[in-house]
Amino acid sequence: MSQILYNKEDHIAYISLNNPESLNALNLEMAKEFEAIWVDFRDDKEMWVAILSGEGKSFCAGADVKKMERGGWQFRQSLILGDYSVSSKRHNIWKPIIAAVHRHVYGAGLLLALESDIRIASDDALFGIPEGKVNVPTLFAPFASRYMPRAIACELLYTGRPIDAQRAYQVGIVNKVVSRDQLISSATEIGKQIGENWPLSIWATKELFCRGEDMNYEAALALIEHIVPPIFNSEDSVEAKRAFIEKRKPVWKLK
């Protein structure tokens with residue numbers, strides 16, 4: 001049985017961790033599945049948005065400690081940055097990703113959520129980085145302050161103590177807190193709202209946003225000049241203007 005469920009419906013890709021016996025703790029087999037799924041989602045033009053979630057009692061309890069190599073571990077074995085990676089960032093995905101998380105959102109599972117563009121949490125969600133408790137330096141520490149205030153990142157990184165959904169909302173880690181039974185429907189609603197926009201424009205906007213984070217002003221201008229004209233001058237751009245004038249929904253050709 002696959003440890004990652006992958007379904008496509010109405011331009012939305014539903015990706016769900018499916019290792020509930022281990023609270024969806026990540027292992028190498030799951031990383032390999034994730035890599036194939038991220039590539040498929042990235043390259044399928046009919047998929048405009050992804051919703052990432054977890055089956056069972058938790059979203060993800062982090063890496064599977066029981067399967068961690070000790071003594072002979074090498075960096076390439078990392079489930080985050082290694083040869084096989086659960087990370088969407090490793091594949092230059094410029095399509096929006098929504099994380100719908102519940103209960104345990106720990107370690108590498110927290111990074112999965114943080115790398116998503118929009119995060120919806122159930123009211124029982126807990127966000128933590130417990131790596132220090134098993135003598136593992138947090139590999140994504142260099143990136144943590146990109147996703148949350150520095151003081152919160154340091155608290156999670158150094159104490160190993162989780163914060164609850166309401167505090168995560170207060171400090172901007174998640175966009176919305178809902179009841180567990182509303183989690184997927186809330187994420188789907190946002191996914192459909194995104195899907196009402198021109199896909200190529202949204203994908204270009206995400207690429208500008210993500211790549212521009214680490215650029216100086218001049219480099220960002222060069223990136224804009226490279227990405228925007230082909231989108232602005234495309235057939236779909238003409239159709240978008242025509243549909244707006246005619247007060248109808250546009251028919252996208254994705255070109």
# chains A, B, ... in the order shown; residues from 1 in each chain; ligands from 1
$ residues_around --residues "region 41-56 of chain A" --least-positions-apart "5" --cutoff "8 Å" --atoms "only C-alpha atoms" --output "PDB file with N, CA and C atoms, in the first residue's frame"
ATOM      1  N   LYS A   8      -6.393  13.428  -7.960  1.00  0.00           N
ATOM      2  CA  LYS A   8      -6.586  14.662  -8.711  1.00  0.00           C
ATOM      3  C   LYS A   8      -8.076  14.884  -8.968  1.00  0.00           C
ATOM      4  N   HIS A  11      -8.825  20.189 -10.962  1.00  0.00           N
ATOM      5  CA  HIS A  11      -7.590  20.978 -11.008  1.00  0.00           C
ATOM      6  C   HIS A  11      -6.876  21.063  -9.654  1.00  0.00           C
ATOM      7  N   ILE A  12      -7.317  20.280  -8.677  1.00  0.00           N
ATOM      8  CA  ILE A  12      -6.666  20.265  -7.364  1.00  0.00           C
ATOM      9  C   ILE A  12      -6.044  18.895  -7.130  1.00  0.00           C
ATOM     10  N   ALA A  13      -4.777  18.879  -6.762  1.00  0.00           N
ATOM     11  CA  ALA A  13      -4.084  17.640  -6.414  1.00  0.00           C
ATOM     12  C   ALA A  13      -4.138  17.468  -4.897  1.00  0.00           C
ATOM     13  N   TYR A  14      -4.697  16.345  -4.454  1.00  0.00           N
ATOM     14  CA  TYR A  14      -4.780  16.034  -3.025  1.00  0.00           C
ATOM     15  C   TYR A  14      -3.663  15.050  -2.681  1.00  0.00           C
ATOM     16  N   ILE A  15      -2.741  15.496  -1.838  1.00  0.00           N
ATOM     17  CA  ILE A  15      -1.585  14.687  -1.443  1.00  0.00           C
ATOM     18  C   ILE A  15      -1.679  14.443   0.053  1.00  0.00           C
ATOM     19  N   SER A  16      -1.731  13.180   0.456  1.00  0.00           N
ATOM     20  CA  SER A  16      -1.942  12.886   1.879  1.00  0.00           C
ATOM     21  C   SER A  16      -0.968  11.821   2.367  1.00  0.00           C
ATOM     22  N   LEU A  17      -0.261  12.124   3.453  1.00  0.00           N
ATOM     23  CA  LEU A  17       0.628  11.151   4.072  1.00  0.00           C
ATOM     24  C   LEU A  17      -0.206   9.988   4.598  1.00  0.00           C
ATOM     25  N   ASN A  18       0.238   8.761   4.328  1.00  0.00           N
ATOM     26  CA  ASN A  18      -0.587   7.598   4.645  1.00  0.00           C
ATOM     27  C   ASN A  18       0.230   6.524   5.363  1.00  0.00           C
ATOM     28  N   ASN A  19       0.803   6.919   6.486  1.00  0.00           N
ATOM     29  CA  ASN A  19       1.526   5.987   7.353  1.00  0.00           C
ATOM     30  C   ASN A  19       1.013   6.184   8.787  1.00  0.00           C
ATOM     31  N   PRO A  20      -0.319   6.015   8.969  1.00  0.00           N
ATOM     32  CA  PRO A  20      -0.944   6.418  10.235  1.00  0.00           C
ATOM     33  C   PRO A  20      -0.476   5.629  11.445  1.00  0.00           C
ATOM     34  N   LEU A  23       2.081   7.629  12.971  1.00  0.00           N
ATOM     35  CA  LEU A  23       1.715   9.045  13.000  1.00  0.00           C
ATOM     36  C   LEU A  23       2.288   9.790  11.789  1.00  0.00           C
ATOM     37  N   ASN A  24       2.337   9.055  10.663  1.00  0.00           N
ATOM     38  CA  ASN A  24       2.845   9.600   9.403  1.00  0.00           C
ATOM     39  C   ASN A  24       4.291  10.066   9.482  1.00  0.00           C
ATOM     40  N   HIS A  91      12.140  21.028  -5.948  1.00  0.00           N
ATOM     41  CA  HIS A  91      11.697  20.746  -7.311  1.00  0.00           C
ATOM     42  C   HIS A  91      11.177  21.979  -8.043  1.00  0.00           C
ATOM     43  N   ILE A  93       8.689  24.125  -7.652  1.00  0.00           N
ATOM     44  CA  ILE A  93       7.251  24.080  -7.926  1.00  0.00           C
ATOM     45  C   ILE A  93       6.685  25.475  -7.743  1.00  0.00           C
ATOM     46  N   TRP A  94       6.181  26.056  -8.814  1.00  0.00           N
ATOM     47  CA  TRP A  94       5.651  27.425  -8.753  1.00  0.00           C
ATOM     48  C   TRP A  94       4.136  27.432  -8.690  1.00  0.00           C
ATOM     49  N   LYS A  95       3.538  26.311  -8.378  1.00  0.00           N
ATOM     50  CA  LYS A  95       2.091  26.245  -8.194  1.00  0.00           C
ATOM     51  C   LYS A  95       1.784  26.350  -6.691  1.00  0.00           C
ATOM     52  N   PRO A  96       0.662  26.968  -6.322  1.00  0.00           N
ATOM     53  CA  PRO A  96       0.333  27.111  -4.897  1.00  0.00           C
ATOM     54  C   PRO A  96       0.116  25.760  -4.215  1.00  0.00           C
ATOM     55  N   ILE A  97       0.618  25.660  -2.994  1.00  0.00           N
ATOM     56  CA  ILE A  97       0.444  24.466  -2.165  1.00  0.00           C
ATOM     57  C   ILE A  97      -0.201  24.893  -0.852  1.00  0.00           C
ATOM     58  N   ILE A  98      -1.284  24.218  -0.488  1.00  0.00           N
ATOM     59  CA  ILE A  98      -1.997  24.497   0.755  1.00  0.00           C
ATOM     60  C   ILE A  98      -1.769  23.327   1.703  1.00  0.00           C
ATOM     61  N   ALA A  99      -1.308  23.601   2.909  1.00  0.00           N
ATOM     62  CA  ALA A  99      -1.152  22.562   3.922  1.00  0.00           C
ATOM     63  C   ALA A  99      -2.380  22.566   4.826  1.00  0.00           C
ATOM     64  N   ALA A 100      -2.987  21.401   5.001  1.00  0.00           N
ATOM     65  CA  ALA A 100      -4.123  21.240   5.915  1.00  0.00           C
ATOM     66  C   ALA A 100      -3.663  20.277   7.006  1.00  0.00           C
ATOM     67  N   VAL A 101      -3.284  20.821   8.157  1.00  0.00           N
ATOM     68  CA  VAL A 101      -2.559  20.025   9.151  1.00  0.00           C
ATOM     69  C   VAL A 101      -3.368  19.856  10.436  1.00  0.00           C
ATOM     70  N   HIS A 102      -3.145  18.715  11.099  1.00  0.00           N
ATOM     71  CA  HIS A 102      -3.817  18.460  12.358  1.00  0.00           C
ATOM     72  C   HIS A 102      -2.892  17.728  13.324  1.00  0.00           C
ATOM     73  N   ILE A 184     -10.209  19.776   5.540  1.00  0.00           N
ATOM     74  CA  ILE A 184     -10.045  19.582   4.097  1.00  0.00           C
ATOM     75  C   ILE A 184     -11.000  20.462   3.311  1.00  0.00           C
ATOM     76  N   ALA A 187      -9.570  23.948   3.189  1.00  0.00           N
ATOM     77  CA  ALA A 187      -8.446  24.010   2.252  1.00  0.00           C
ATOM     78  C   ALA A 187      -8.940  23.953   0.807  1.00  0.00           C
ATOM     79  N   THR A 188      -9.935  23.112   0.550  1.00  0.00           N
ATOM     80  CA  THR A 188     -10.484  23.000  -0.802  1.00  0.00           C
ATOM     81  C   THR A 188     -11.137  24.300  -1.238  1.00  0.00           C
ATOM     82  N   GLY A 191      -8.435  26.501  -2.273  1.00  0.00           N
ATOM     83  CA  GLY A 191      -7.904  26.003  -3.542  1.00  0.00           C
ATOM     84  C   GLY A 191      -8.777  26.407  -4.719  1.00  0.00           C
ATOM     85  N   ILE A 194      -8.297  30.090  -5.497  1.00  0.00           N
ATOM     86  CA  ILE A 194      -7.077  30.280  -6.285  1.00  0.00           C
ATOM     87  C   ILE A 194      -7.331  29.887  -7.738  1.00  0.00           C
ATOM     88  N   GLY A 195      -8.068  28.787  -7.931  1.00  0.00           N
ATOM     89  CA  GLY A 195      -8.334  28.274  -9.266  1.00  0.00           C
ATOM     90  C   GLY A 195      -9.213  29.166 -10.127  1.00  0.00           C
ATOM     91  N   PRO A 199      -4.219  30.528 -14.134  1.00  0.00           N
ATOM     92  CA  PRO A 199      -3.153  29.706 -13.557  1.00  0.00           C
ATOM     93  C   PRO A 199      -1.746  30.195 -13.865  1.00  0.00           C
ATOM     94  N   LEU A 254      -3.818  27.829 -21.307  1.00  0.00           N
ATOM     95  CA  LEU A 254      -2.513  27.681 -20.640  1.00  0.00           C
ATOM     96  C   LEU A 254      -1.375  27.889 -21.625  1.00  0.00           C
TER      97      LEU A 254
END
$ residues_around --residues "Ser237 (chain A)" --least-positions-apart "3" --cutoff "12 Å" --atoms "only C-alpha atoms" --output "PyMOL selection string"
chain A and resi 197-201+228-234+240-244+250-255
$ atom_distance --atom1 "CA of Val177 (chain A)" --atom2 "CA of Asp123 (chain A)"
5.8 Å
$ select_by_dssp --residues "region 10-247 of chain A" --states "strand (DSSP E or B)" --output "PyMOL selection string"
chain A and resi 12-17+26+49-54+60+63+97-101+104-106+118-122+126-128+163-164+176-178
$ residues_around --residues "region 171-176 of chain A" --least-positions-apart "5" --cutoff "8 Å" --atoms "only C-alpha atoms" --output "PDB file with N, CA and C atoms, in the first residue's frame"
ATOM      1  N   LEU A 114       5.507  24.371   6.515  1.00  0.00           N
ATOM      2  CA  LEU A 114       6.070  25.706   6.345  1.00  0.00           C
ATOM      3  C   LEU A 114       6.398  26.008   4.893  1.00  0.00           C
ATOM      4  N   ILE A 118       0.044  28.387   1.887  1.00  0.00           N
ATOM      5  CA  ILE A 118      -1.054  28.720   2.794  1.00  0.00           C
ATOM      6  C   ILE A 118      -1.241  27.548   3.743  1.00  0.00           C
ATOM      7  N   ARG A 119      -1.462  27.839   5.031  1.00  0.00           N
ATOM      8  CA  ARG A 119      -1.560  26.767   6.032  1.00  0.00           C
ATOM      9  C   ARG A 119      -2.849  26.883   6.820  1.00  0.00           C
ATOM     10  N   ILE A 120      -3.627  25.798   6.791  1.00  0.00           N
ATOM     11  CA  ILE A 120      -4.846  25.694   7.575  1.00  0.00           C
ATOM     12  C   ILE A 120      -4.592  24.648   8.658  1.00  0.00           C
ATOM     13  N   ALA A 121      -4.918  24.976   9.906  1.00  0.00           N
ATOM     14  CA  ALA A 121      -4.657  24.060  11.020  1.00  0.00           C
ATOM     15  C   ALA A 121      -5.954  23.718  11.733  1.00  0.00           C
ATOM     16  N   TYR A 147      10.131  31.539   7.695  1.00  0.00           N
ATOM     17  CA  TYR A 147       8.739  31.119   7.792  1.00  0.00           C
ATOM     18  C   TYR A 147       8.044  31.600   9.060  1.00  0.00           C
ATOM     19  N   MET A 148       8.786  32.149  10.010  1.00  0.00           N
ATOM     20  CA  MET A 148       8.188  32.569  11.273  1.00  0.00           C
ATOM     21  C   MET A 148       9.099  33.598  11.918  1.00  0.00           C
ATOM     22  N   PRO A 149       8.591  34.364  12.891  1.00  0.00           N
ATOM     23  CA  PRO A 149       9.452  35.323  13.584  1.00  0.00           C
ATOM     24  C   PRO A 149      10.659  34.637  14.208  1.00  0.00           C
ATOM     25  N   ILE A 152      10.298  33.108  17.725  1.00  0.00           N
ATOM     26  CA  ILE A 152       9.491  31.880  17.751  1.00  0.00           C
ATOM     27  C   ILE A 152      10.303  30.714  17.202  1.00  0.00           C
ATOM     28  N   ALA A 165      -2.223  25.538  18.141  1.00  0.00           N
ATOM     29  CA  ALA A 165      -2.705  26.141  16.899  1.00  0.00           C
ATOM     30  C   ALA A 165      -3.003  27.621  17.059  1.00  0.00           C
TER      31      ALA A 165
END
$ residues_around --residues "region 104-109 of chain A" --least-positions-apart "2" --cutoff "8 Å" --atoms "only C-alpha atoms" --output "ChimeraX atom specification"
/A:23,25-26,58-63,79-80,101-102,111-113,125-131,138
